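Student: Provided below: data39.txt, containing compact mmCIF, C-alpha atoms and all ligand atoms.
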```txt
# COMPACT_ATOMS: atom_id res chain seq x y z
CA MET A 1 -37.37 9.81 -26.45
CA SER A 2 -35.19 9.51 -23.33
CA GLY A 3 -32.34 11.86 -24.20
CA PRO A 4 -30.20 13.18 -27.02
CA LEU A 5 -29.07 10.90 -29.85
CA ILE A 6 -25.29 10.79 -30.07
CA LEU A 7 -22.94 9.02 -32.45
CA GLY A 8 -19.73 8.01 -30.61
CA ILE A 9 -16.51 7.18 -32.45
CA GLU A 10 -13.38 5.65 -30.92
CA THR A 11 -10.12 5.05 -32.82
CA SER A 12 -7.36 5.80 -30.30
CA CYS A 13 -5.58 2.46 -30.48
CA ASP A 14 -6.35 -0.91 -32.06
CA GLU A 15 -10.15 -1.11 -31.98
CA THR A 16 -12.46 0.88 -34.22
CA GLY A 17 -15.59 1.44 -32.14
CA VAL A 18 -18.81 3.18 -33.14
CA ALA A 19 -21.99 3.44 -31.09
CA VAL A 20 -25.30 5.26 -31.00
CA LEU A 21 -26.64 6.34 -27.62
CA GLU A 22 -30.04 7.72 -26.80
CA GLY A 23 -29.43 9.35 -23.45
CA LEU A 24 -27.65 6.66 -21.45
CA GLU A 25 -29.28 3.86 -23.42
CA VAL A 26 -26.93 2.10 -25.84
CA ARG A 27 -28.97 1.74 -29.06
CA SER A 28 -26.07 0.10 -30.90
CA SER A 29 -22.35 -0.49 -30.34
CA VAL A 30 -20.13 -2.13 -32.94
CA LEU A 31 -16.42 -2.89 -33.05
CA ALA A 32 -13.82 -3.82 -35.63
CA SER A 33 -10.93 -5.41 -33.78
CA GLN A 34 -7.44 -5.31 -35.26
CA VAL A 35 -6.00 -7.81 -32.80
CA GLU A 36 -5.13 -10.36 -35.44
CA GLU A 37 -3.36 -7.80 -37.62
CA HIS A 38 -1.11 -6.77 -34.72
CA ALA A 39 -0.66 -10.22 -33.17
CA ARG A 40 1.94 -11.32 -35.70
CA PHE A 41 4.07 -8.30 -34.71
CA GLY A 42 3.60 -9.02 -30.98
CA GLY A 43 2.14 -5.57 -30.29
CA VAL A 44 0.24 -2.63 -31.77
CA VAL A 45 1.96 -1.17 -34.86
CA PRO A 46 0.79 2.47 -35.22
CA GLU A 47 0.79 2.52 -39.04
CA VAL A 48 -1.10 -0.76 -39.24
CA ALA A 49 -3.63 0.61 -36.73
CA ALA A 50 -4.25 3.84 -38.67
CA ARG A 51 -4.71 1.98 -41.92
CA ALA A 52 -7.12 -0.52 -40.41
CA HIS A 53 -9.19 2.34 -38.95
CA VAL A 54 -9.38 3.94 -42.41
CA GLU A 55 -10.80 0.71 -43.81
CA ALA A 56 -13.22 0.08 -40.97
CA ILE A 57 -14.64 3.46 -40.01
CA ARG A 58 -17.17 4.14 -42.79
CA PRO A 59 -18.85 0.73 -42.90
CA LEU A 60 -18.84 0.56 -39.11
CA ALA A 61 -20.52 3.96 -38.70
CA HIS A 62 -23.12 2.86 -41.23
CA GLN A 63 -23.66 -0.39 -39.34
CA ALA A 64 -24.02 1.38 -35.98
CA LEU A 65 -26.65 3.78 -37.37
CA THR A 66 -28.54 1.00 -39.16
CA ARG A 67 -28.61 -1.23 -36.09
CA ALA A 68 -29.84 1.67 -33.97
CA GLY A 69 -32.49 2.48 -36.58
CA VAL A 70 -31.28 6.08 -36.61
CA HIS A 71 -30.90 8.33 -39.65
CA PRO A 72 -27.87 10.68 -39.47
CA ASP A 73 -30.20 13.70 -39.66
CA GLN A 74 -31.78 12.64 -36.36
CA LEU A 75 -28.47 12.85 -34.44
CA ASP A 76 -28.05 15.63 -31.89
CA ALA A 77 -24.25 15.50 -31.85
CA VAL A 78 -21.16 13.58 -32.92
CA ALA A 79 -18.63 12.54 -30.24
CA VAL A 80 -15.13 11.34 -31.02
CA THR A 81 -11.97 10.47 -29.09
CA ARG A 82 -9.50 13.36 -29.36
CA GLY A 83 -6.77 11.85 -27.18
CA PRO A 84 -4.81 10.35 -25.58
CA GLY A 85 -3.71 7.68 -28.03
CA LEU A 86 -1.75 7.00 -31.19
CA SER A 87 -1.66 10.14 -33.29
CA GLY A 88 -2.34 8.48 -36.66
CA ALA A 89 -5.10 6.28 -35.26
CA LEU A 90 -6.81 9.20 -33.51
CA SER A 91 -6.59 11.32 -36.67
CA VAL A 92 -8.61 8.82 -38.69
CA GLY A 93 -11.60 8.91 -36.32
CA TYR A 94 -11.32 12.62 -35.70
CA ALA A 95 -11.20 13.55 -39.41
CA TYR A 96 -14.14 11.25 -40.13
CA ALA A 97 -16.16 12.69 -37.23
CA LYS A 98 -15.35 16.25 -38.25
CA SER A 99 -16.48 15.78 -41.84
CA PHE A 100 -19.57 13.87 -40.69
CA ALA A 101 -20.50 16.67 -38.26
CA TYR A 102 -19.72 19.40 -40.78
CA SER A 103 -21.69 17.90 -43.62
CA LEU A 104 -24.74 17.33 -41.40
CA GLY A 105 -24.45 20.60 -39.49
CA LYS A 106 -24.18 18.78 -36.13
CA PRO A 107 -22.06 19.81 -33.12
CA LEU A 108 -18.82 17.87 -32.61
CA TYR A 109 -17.50 16.92 -29.17
CA GLY A 110 -13.86 15.81 -28.85
CA ILE A 111 -13.63 13.47 -25.87
CA ASP A 112 -10.78 12.33 -23.63
CA HIS A 113 -10.45 8.56 -24.02
CA MET A 114 -9.76 8.07 -20.29
CA GLU A 115 -12.83 10.13 -19.42
CA GLY A 116 -14.71 7.62 -21.57
CA HIS A 117 -13.38 4.73 -19.47
CA LEU A 118 -14.16 6.69 -16.33
CA PHE A 119 -17.72 7.31 -17.46
CA ALA A 120 -18.42 3.80 -18.83
CA PRO A 121 -19.88 2.36 -15.59
CA ARG A 122 -22.75 4.84 -15.92
CA LEU A 123 -23.93 3.06 -19.06
CA SER A 124 -24.47 -0.10 -17.00
CA PHE A 125 -25.48 1.64 -13.77
CA PRO A 126 -27.34 4.97 -14.17
CA GLY A 127 -27.03 5.43 -10.38
CA TYR A 128 -23.22 5.70 -10.57
CA GLU A 129 -22.56 9.29 -9.51
CA PRO A 130 -19.60 11.19 -8.08
CA PRO A 131 -17.97 11.69 -5.67
CA ALA A 132 -16.04 8.51 -6.41
CA VAL A 133 -12.58 7.04 -6.63
CA VAL A 134 -12.05 5.48 -10.04
CA LEU A 135 -9.43 2.94 -11.03
CA LEU A 136 -8.48 3.32 -14.68
CA ALA A 137 -6.27 0.55 -16.04
CA SER A 138 -5.72 0.12 -19.75
CA GLY A 139 -2.94 -0.68 -22.20
CA GLY A 140 -1.63 2.87 -22.37
CA HIS A 141 -2.60 4.44 -19.05
CA SER A 142 -3.20 3.49 -15.42
CA GLN A 143 -4.46 6.03 -12.94
CA ILE A 144 -6.40 6.47 -9.75
CA VAL A 145 -8.74 9.42 -10.09
CA HIS A 146 -10.80 11.27 -7.53
CA VAL A 147 -13.95 12.22 -9.41
CA LYS A 148 -15.43 15.14 -7.49
CA ALA A 149 -18.10 15.83 -10.11
CA TRP A 150 -18.39 14.95 -13.81
CA GLY A 151 -15.64 17.04 -15.40
CA ALA A 152 -13.86 17.78 -12.07
CA TYR A 153 -11.04 15.29 -11.73
CA GLU A 154 -8.02 15.01 -9.49
CA ILE A 155 -5.44 12.43 -10.46
CA LEU A 156 -4.30 11.00 -7.15
CA GLY A 157 -1.72 8.64 -8.56
CA GLY A 158 -0.87 6.15 -11.19
CA THR A 159 1.87 4.15 -12.72
CA ILE A 160 5.45 5.30 -12.50
CA ASP A 161 6.44 3.20 -15.50
CA ASP A 162 4.31 0.73 -17.49
CA ALA A 163 0.51 0.83 -17.54
CA ALA A 164 -1.12 -2.27 -16.02
CA GLY A 165 -2.19 -3.60 -19.43
CA GLU A 166 1.28 -2.99 -20.80
CA ALA A 167 2.74 -5.02 -17.91
CA PHE A 168 0.38 -7.89 -18.76
CA ASP A 169 1.28 -7.58 -22.46
CA LYS A 170 5.05 -7.52 -21.90
CA LEU A 171 5.07 -10.40 -19.42
CA ALA A 172 2.83 -12.51 -21.63
CA ARG A 173 5.18 -11.90 -24.54
CA PHE A 174 8.12 -13.00 -22.40
CA MET A 175 6.24 -16.17 -21.48
CA GLY A 176 5.39 -16.83 -25.13
CA LEU A 177 1.65 -16.40 -24.54
CA GLY A 178 1.03 -14.07 -27.47
CA PHE A 179 -0.76 -10.73 -27.87
CA PRO A 180 -2.73 -9.17 -26.26
CA GLY A 181 -1.23 -10.45 -23.04
CA GLY A 182 -3.96 -9.55 -20.55
CA PRO A 183 -6.60 -11.96 -21.83
CA ALA A 184 -3.87 -14.58 -22.46
CA ILE A 185 -2.64 -14.49 -18.84
CA ASP A 186 -6.22 -14.33 -17.58
CA ALA A 187 -7.07 -17.53 -19.52
CA ASP A 188 -3.78 -19.27 -18.71
CA SER A 189 -4.17 -18.61 -14.97
CA VAL A 190 -7.26 -20.79 -14.69
CA GLY A 191 -6.52 -23.59 -12.24
CA GLY A 192 -3.14 -22.05 -11.37
CA ASP A 193 -2.02 -21.28 -7.82
CA PRO A 194 -1.86 -17.48 -7.31
CA ASP A 195 0.46 -18.00 -4.31
CA ALA A 196 2.89 -20.29 -6.14
CA VAL A 197 5.45 -17.51 -6.58
CA LYS A 198 5.40 -14.36 -4.45
CA PHE A 199 6.35 -11.63 -6.91
CA PRO A 200 7.08 -8.09 -5.58
CA ARG A 201 4.30 -5.55 -5.18
CA ALA A 202 5.45 -2.55 -3.17
CA VAL A 203 6.16 1.06 -4.08
CA ARG A 204 7.14 2.54 -0.75
CA ASP A 205 6.01 5.98 0.51
CA ARG A 206 3.69 6.62 -2.44
CA PRO A 207 0.24 5.43 -1.40
CA PHE A 208 -1.52 5.98 -4.73
CA ASP A 209 1.29 5.16 -7.18
CA PHE A 210 2.45 1.86 -8.56
CA SER A 211 5.26 0.50 -10.68
CA PHE A 212 5.58 -2.71 -12.65
CA SER A 213 9.27 -2.63 -13.52
CA GLY A 214 10.27 -4.50 -10.33
CA LEU A 215 7.69 -7.17 -11.11
CA LYS A 216 8.95 -7.50 -14.69
CA THR A 217 12.57 -7.91 -13.61
CA SER A 218 11.59 -10.35 -10.91
CA VAL A 219 9.49 -12.52 -13.27
CA ILE A 220 12.22 -12.57 -15.90
CA THR A 221 14.94 -13.45 -13.36
CA TYR A 222 12.71 -16.11 -11.79
CA LEU A 223 11.89 -17.75 -15.11
CA GLU A 224 15.50 -17.71 -16.31
CA LYS A 225 16.69 -19.35 -13.07
CA ALA A 226 13.90 -21.90 -13.02
CA ARG A 227 14.59 -22.83 -16.66
CA GLU A 228 18.30 -23.26 -15.87
CA ASN A 229 17.55 -25.46 -12.87
CA ASP A 230 14.84 -27.32 -14.69
CA SER A 231 12.47 -26.41 -11.83
CA LEU A 232 9.72 -24.59 -13.70
CA PRO A 233 6.33 -24.87 -12.00
CA PRO A 234 3.26 -25.35 -14.21
CA ARG A 235 2.79 -22.31 -16.44
CA SER A 236 -0.68 -21.69 -15.02
CA ASP A 237 0.93 -21.15 -11.57
CA ILE A 238 3.21 -18.49 -13.00
CA SER A 239 0.37 -16.77 -14.87
CA ALA A 240 -1.80 -16.83 -11.75
CA SER A 241 1.06 -15.46 -9.62
CA ILE A 242 1.82 -12.62 -12.05
CA GLN A 243 -1.85 -11.75 -12.31
CA GLU A 244 -2.19 -11.80 -8.52
CA ALA A 245 0.71 -9.37 -8.11
CA ILE A 246 -0.74 -6.87 -10.60
CA VAL A 247 -4.26 -7.20 -9.22
CA ASP A 248 -3.13 -6.82 -5.59
CA VAL A 249 -1.24 -3.61 -6.38
CA LEU A 250 -4.18 -2.05 -8.25
CA ILE A 251 -6.60 -2.91 -5.46
CA GLU A 252 -4.33 -1.82 -2.64
CA LYS A 253 -3.73 1.60 -4.19
CA THR A 254 -7.37 2.13 -5.09
CA PHE A 255 -8.49 1.44 -1.55
CA ASN A 256 -5.75 3.66 -0.12
CA ALA A 257 -7.42 6.41 -2.16
CA VAL A 258 -10.86 5.43 -0.87
CA GLU A 259 -9.59 5.75 2.69
CA ALA A 260 -7.83 9.06 2.08
CA THR A 261 -10.78 10.71 0.33
CA GLY A 262 -13.54 9.17 2.42
CA VAL A 263 -15.67 8.52 -0.71
CA GLU A 264 -18.19 5.70 -0.64
CA ILE A 265 -18.23 4.88 -4.33
CA VAL A 266 -15.57 3.08 -6.40
CA GLY A 267 -15.75 3.01 -10.17
CA ALA A 268 -13.46 1.17 -12.54
CA GLY A 269 -12.76 1.07 -16.24
CA GLY A 270 -10.23 0.30 -18.96
CA GLY A 271 -9.32 -2.97 -20.68
CA VAL A 272 -7.61 -4.50 -17.63
CA LEU A 273 -10.93 -4.37 -15.80
CA ALA A 274 -12.04 -7.22 -18.05
CA ASN A 275 -9.70 -9.36 -15.91
CA ARG A 276 -11.70 -11.92 -13.98
CA ARG A 277 -9.47 -12.06 -10.92
CA LEU A 278 -9.36 -8.25 -10.66
CA ARG A 279 -13.15 -8.06 -10.83
CA GLU A 280 -13.54 -10.83 -8.26
CA LYS A 281 -11.10 -9.31 -5.76
CA LEU A 282 -12.48 -5.78 -6.23
CA ILE A 283 -15.94 -7.08 -5.39
CA GLU A 284 -14.61 -8.84 -2.27
CA ARG A 285 -12.71 -5.77 -1.06
CA ALA A 286 -15.59 -3.37 -1.73
CA GLU A 287 -17.95 -5.62 0.19
CA SER A 288 -15.60 -5.88 3.14
CA LYS A 289 -15.13 -2.08 3.21
CA GLY A 290 -18.85 -1.37 2.72
CA VAL A 291 -18.39 0.83 -0.38
CA GLY A 292 -20.43 0.76 -3.58
CA LEU A 293 -18.57 -0.71 -6.58
CA PHE A 294 -19.42 0.03 -10.20
CA ILE A 295 -17.53 -2.02 -12.81
CA PRO A 296 -19.15 -2.16 -16.23
CA GLU A 297 -19.51 -5.41 -18.15
CA PRO A 298 -16.23 -6.42 -19.86
CA SER A 299 -17.29 -5.14 -23.32
CA LEU A 300 -17.69 -1.65 -21.84
CA CYS A 301 -14.31 -1.89 -20.06
CA LEU A 302 -12.49 -2.50 -23.34
CA ASP A 303 -12.31 0.33 -25.90
CA ASN A 304 -15.71 1.13 -27.42
CA GLY A 305 -17.67 3.99 -28.97
CA ALA A 306 -20.47 3.96 -26.39
CA MET A 307 -18.32 5.34 -23.58
CA ILE A 308 -17.22 8.22 -25.83
CA ALA A 309 -20.82 9.09 -26.69
CA GLY A 310 -21.66 8.82 -22.96
CA VAL A 311 -19.24 11.58 -22.00
CA ALA A 312 -20.75 13.80 -24.71
CA ILE A 313 -24.20 13.30 -23.16
CA GLU A 314 -22.87 14.65 -19.89
CA LYS A 315 -21.23 17.58 -21.71
CA LEU A 316 -24.53 18.39 -23.42
CA ASN A 317 -26.30 18.23 -20.04
CA GLN A 318 -23.80 20.72 -18.68
CA GLY A 319 -24.24 23.02 -21.68
CA ALA A 320 -20.59 22.64 -22.78
CA ALA A 321 -19.64 24.28 -26.09
CA PRO A 322 -18.80 21.91 -28.95
CA ASP A 323 -15.32 21.74 -30.51
CA ALA A 324 -14.38 24.17 -33.25
CA LEU A 325 -13.88 22.26 -36.48
CA THR A 326 -10.40 23.79 -36.72
CA LEU A 327 -9.22 21.72 -33.73
CA ASP A 328 -7.07 18.64 -34.18
CA VAL A 329 -6.33 15.49 -32.18
CA ASP A 330 -4.40 15.73 -28.90
CA PRO A 331 -2.37 12.50 -28.48
CA GLY A 332 -1.04 13.62 -25.09
CA MET A 333 -4.41 14.73 -23.68
CA THR A 334 -4.74 14.41 -19.89
CA LEU A 335 -7.76 14.32 -17.60
CA ALA A 336 -6.56 17.04 -15.27
O1 LIG B 401 -8.64 0.05 -22.63
P1 LIG B 401 -8.08 -0.89 -23.63
O2 LIG B 401 -9.03 -1.74 -24.42
O3 LIG B 401 -7.17 -0.11 -24.67
C1 LIG B 401 -6.37 0.96 -24.28
O4 LIG B 401 -6.92 2.07 -24.10
O5 LIG B 401 -5.16 0.70 -24.08
O6 LIG B 401 -7.04 -1.81 -22.84
C2 LIG B 401 -6.26 -2.76 -23.51
C3 LIG B 401 -5.41 -3.45 -22.46
C4 LIG B 401 -4.36 -4.40 -23.07
O7 LIG B 401 -3.11 -4.13 -22.48
C5 LIG B 401 -4.89 -5.78 -22.68
O8 LIG B 401 -3.85 -6.72 -22.47
C6 LIG B 401 -5.62 -5.48 -21.39
O9 LIG B 401 -6.24 -4.24 -21.61
N1 LIG B 401 -6.62 -6.50 -21.12
C7 LIG B 401 -6.59 -7.31 -20.04
C8 LIG B 401 -7.68 -8.22 -20.19
N2 LIG B 401 -8.35 -7.91 -21.34
C9 LIG B 401 -7.69 -6.85 -21.89
N3 LIG B 401 -5.74 -7.37 -19.01
C10 LIG B 401 -5.95 -8.33 -18.09
N4 LIG B 401 -6.93 -9.24 -18.18
C11 LIG B 401 -7.83 -9.22 -19.17
N5 LIG B 401 -8.81 -10.12 -19.25
ZN ZN B 402 -8.82 2.34 -23.57
```
Please render this file's structure as structure tokens.
Tutor:
Amino acid sequence: MSGPLILGIETSCDETGVAVLEGLEVRSSVLASQVEEHARFGGVVPEVAARAHVEAIRPLAHQALTRAGVHPDQLDAVAVTRGPGLSGALSVGYAYAKSFAYSLGKPLYGIDHMEGHLFAPRLSFPGYEPPAVVLLASGGHSQIVHVKAWGAYEILGGTIDDAAGEAFDKLARFMGLGFPGGPAIDADSVGGDPDAVKFPRAVRDRPFDFSFSGLKTSVITYLEKARENDSLPPRSDISASIQEAIVDVLIEKTFNAVEATGVEIVGAGGGVLANRRLREKLIERAESKGVGLFIPEPSLCLDNGAMIAGVAIEKLNQGAAPDALTLDVDPGMTLA
């Protein structure tokens, strides 16, 4: 056996994720996506999310254990997302994990969802080690973190308004591209000209922070004018230009942090890191700067149970105490 066996449970937003890890090896990882249930509302509805987690969690946990060929008695610990996220959604996973851990007499580790994203590259690349600068970009949060050691984080900057994924989602909705917006804009941008429209990027005097409200206003004004004048370019050009603006900002700020800290490793995680253009441009920039880049495969960038179990492995290695079963979720949890 190559390490402890951990069950990881993730229910912070609109994906129920359960995985079994043996050390850093993913023995199984299964997901129940709620995308279709939320799509008709154009965004995640918290009550719908909580209810869908209730329906999915038991069969999914069973499936994850069966696929891994692991009996619950063999587990060394149960890991579950404690925050940040939607309170009702988090509570479903946390209550399930608590009762699972209690009934089996296993330790329970409540994990920060963003620490999961931050740790995810290690599941693809065991050599990914701090010190590193990590770009975290998801639907709810976007941050640039200086990881000094596992568990020792300094948040250097982040969004002043919308998270990067939220910006994708809102702009896609405005363009009528549906939900979730990130993958829709990513797909729509294929063949489009990223330089067709030069949307704004700058947040002055704040090297590690970004804002997407200027971009949103600018896209909306541009589209309204172009529609009035009947001068709309192909939609793929607009999608590619929006995507380019978001991607450029994220990369610029990440590499400002690389320069300021002098680290030689860049990690990245969160749903937005599934974006093809972002991955491509991060690779180019890292190569030109001579720094190591660790972006996990897209399925590990999106919400999943494996990244949550991964953080618990590190906690076990460090001898961290498990959570008391009297604890509850922490929807506003922060990394530092
Ligand atoms: O990390 P995640 O799965 O859930 C949260 O913790 O929020 O991130 C979801 C976000 C959504 O806003 C979605 O639009 C965005 O990630 N996303 C993408 C892509 N795939 C998902 N954004 C840009 N391009 C993509 N291919
Ligand atoms: Zn996430």
Student: So the first atom is CA of Met307 in chain A and the second is CA of Ala286 in chain A; what is the distance between them in Å, to one decimal place?
Tutor: 23.7 Å
Student: Between CA of His62 in chain A and atom O9 of ligand LIG 401 (chain B), what is the distance, to one decimal in Å?
Tutor: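 For CA of His62 in chain A relative to atom O9 of ligand LIG 401 (chain B), the distance reads 26.8 Å.
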Student: Using all atoms listed in the file, determine which residues lie at most 12 Å from Val35 in chain A, disregarding the query and same-chain residues fewer than 4 positions distant; provide the list as a ChimeraX atom specification.
Tutor: /A:13-16,31,39-45,48-49,52,178-181,183
Student: Using all atoms listed in the file, find the one residue out of A:Leu60, A:Leu156, A:Leu75, A:Ala274 that sits nearest to Gly105 in chain A.
Tutor: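 That would be A:Leu75, the residue with the smallest distance to Gly105 in chain A.
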Student: Taking 3 positions as the minimum chain separation for residues in the same chain, which residues sit within 10 Å of range 26-28 of chain A when counting only C-alpha atoms? Answer as a list of chain:residue names.
Tutor: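 Listing them by chain and then by number gives A:Leu5, A:Ile6, A:Leu7, A:Val18, A:Ala19, A:Val20, A:Leu21, A:Glu22, A:Gly23, A:Gln63, A:Ala64, A:Leu65, A:Thr66, A:Arg67, A:Ala68, A:Gly69, A:Val70, A:Leu123, A:Ser124, A:Gly305, A:Ala306, A:Met307, A:Ala309, A:Gly310.
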Student: Between CA of His141 in chain A and atom N1 of ligand LIG 401 (chain B), what distance in Å does the model show, to one decimal?
Tutor: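 Going from CA of His141 in chain A over to atom N1 of ligand LIG 401 (chain B), I get 11.8 Å.
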Student: As a quick test: using all atoms listed in the file, which residues lie no more than 6 Å away from ligand LIG 401 (chain B)? Give them as a ChimeraX atom specification.
Tutor: /A:138-140,165-166,168-169,180-183,186,270-272,274-275,302-303
Student: Can you find the residues with an atom no farther than 12 Å from (-15.1, 15.8, -8.1), counting all atoms listed in the file, and report them as a ChimeraX atom specification?
Tutor: /A:129-134,145-156,261,263,265,336
Student: Using only C-alpha atoms and all ligand atoms for the distances, tell me which of A:Val291, A:Val219, A:Cys301, A:Ala226 is nearest to ligand ZN 402 (chain B).
Tutor: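 The closest residue to ligand ZN 402 (chain B) is A:Cys301.
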Student: Show which residues sit within 12 Å of Phe212 in chain A, as a short mmCIF file (atom, residue, chain, number, x, y, z; two decimals) with C-alpha atoms, keeping the file's coordinate frame. Count all atoms listed in the file, and ignore same-chain residues fewer than 6 positions away.
Tutor:
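Writing the result to part11.cif gives the following:
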```
data_model
loop_
_atom_site.label_atom_id
_atom_site.label_comp_id
_atom_site.auth_asym_id
_atom_site.auth_seq_id
_atom_site.Cartn_x
_atom_site.Cartn_y
_atom_site.Cartn_z
CA SER A 142 -3.20 3.49 -15.42
CA GLY A 158 -0.87 6.15 -11.19
CA THR A 159 1.87 4.15 -12.72
CA ILE A 160 5.45 5.30 -12.50
CA ASP A 161 6.44 3.20 -15.50
CA ASP A 162 4.31 0.73 -17.49
CA ALA A 163 0.51 0.83 -17.54
CA ALA A 164 -1.12 -2.27 -16.02
CA GLY A 165 -2.19 -3.60 -19.43
CA GLU A 166 1.28 -2.99 -20.80
CA ALA A 167 2.74 -5.02 -17.91
CA PHE A 168 0.38 -7.89 -18.76
CA ASP A 169 1.28 -7.58 -22.46
CA LYS A 170 5.05 -7.52 -21.90
CA LEU A 171 5.07 -10.40 -19.42
CA PHE A 199 6.35 -11.63 -6.91
CA PRO A 200 7.08 -8.09 -5.58
CA ARG A 201 4.30 -5.55 -5.18
CA ALA A 202 5.45 -2.55 -3.17
CA VAL A 203 6.16 1.06 -4.08
CA SER A 218 11.59 -10.35 -10.91
CA VAL A 219 9.49 -12.52 -13.27
CA ILE A 242 1.82 -12.62 -12.05
CA GLN A 243 -1.85 -11.75 -12.31
CA ALA A 245 0.71 -9.37 -8.11
CA ILE A 246 -0.74 -6.87 -10.60
CA VAL A 247 -4.26 -7.20 -9.22
CA ASP A 248 -3.13 -6.82 -5.59
CA VAL A 249 -1.24 -3.61 -6.38
CA LEU A 250 -4.18 -2.05 -8.25
#
```
Student: Which residues come within 10 Å of Val190 in chain A, counting all atoms listed in the file, excluding same-chain residues fewer than 6 positions away, as an MDAnalysis selection string?
Tutor: chainID A and resid 236:237 239:240 276:277
Student: Counting only C-alpha atoms and all ligand atoms, figure out which residue out of A:Ile185, A:His53, A:Asn304, A:Arg82 gets nearest to ligand ZN 402 (chain B).
Tutor: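 The shortest atom-to-atom distance to ligand ZN 402 (chain B) comes from A:Asn304.
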Student: Just want the 9 Å neighbourhood of range 320-323 of chain A, counted on all atoms listed in the file, with same-chain residues fewer than 6 positions away dropped. Output as a PyMOL selection string.
Tutor: chain A and resi 77+107-110+314
Student: Set up a box along x, y and z of the file covering all listed atoms of range 83-100 of chain A, add 4 Å on every one of the six sides, and write the centre and edge lengths in Å to one decimal, as AutoDock Vina command-line options.
Tutor:
```
--center_x -10.6 --center_y 11.3 --center_z -33.7 --size_x 25.9 --size_y 18.0 --size_z 24.3
```
Student: With only C-alpha atoms as the basis for distance, which of A:Arg227, A:Arg58, A:Phe119, A:Gln143 is at the shortest distance from Met175 in chain A?
Tutor: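 That would be A:Arg227, the residue with the smallest distance to Met175 in chain A.
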Student: Can you work out which one of A:Glu25, A:Glu224, A:Asp112, A:Asp193 has the shortest atom-to-atom distance to ligand ZN 402 (chain B), counting only C-alpha atoms and all ligand atoms?
Tutor: A:Asp112
Student: Rank A:Leu118, A:Ala196, A:Leu325, A:Ile308 by their smallest atom-to-atom distance to Phe294 in chain A, using all atoms listed in the file, and report the top residue only.
Tutor: A:Leu118
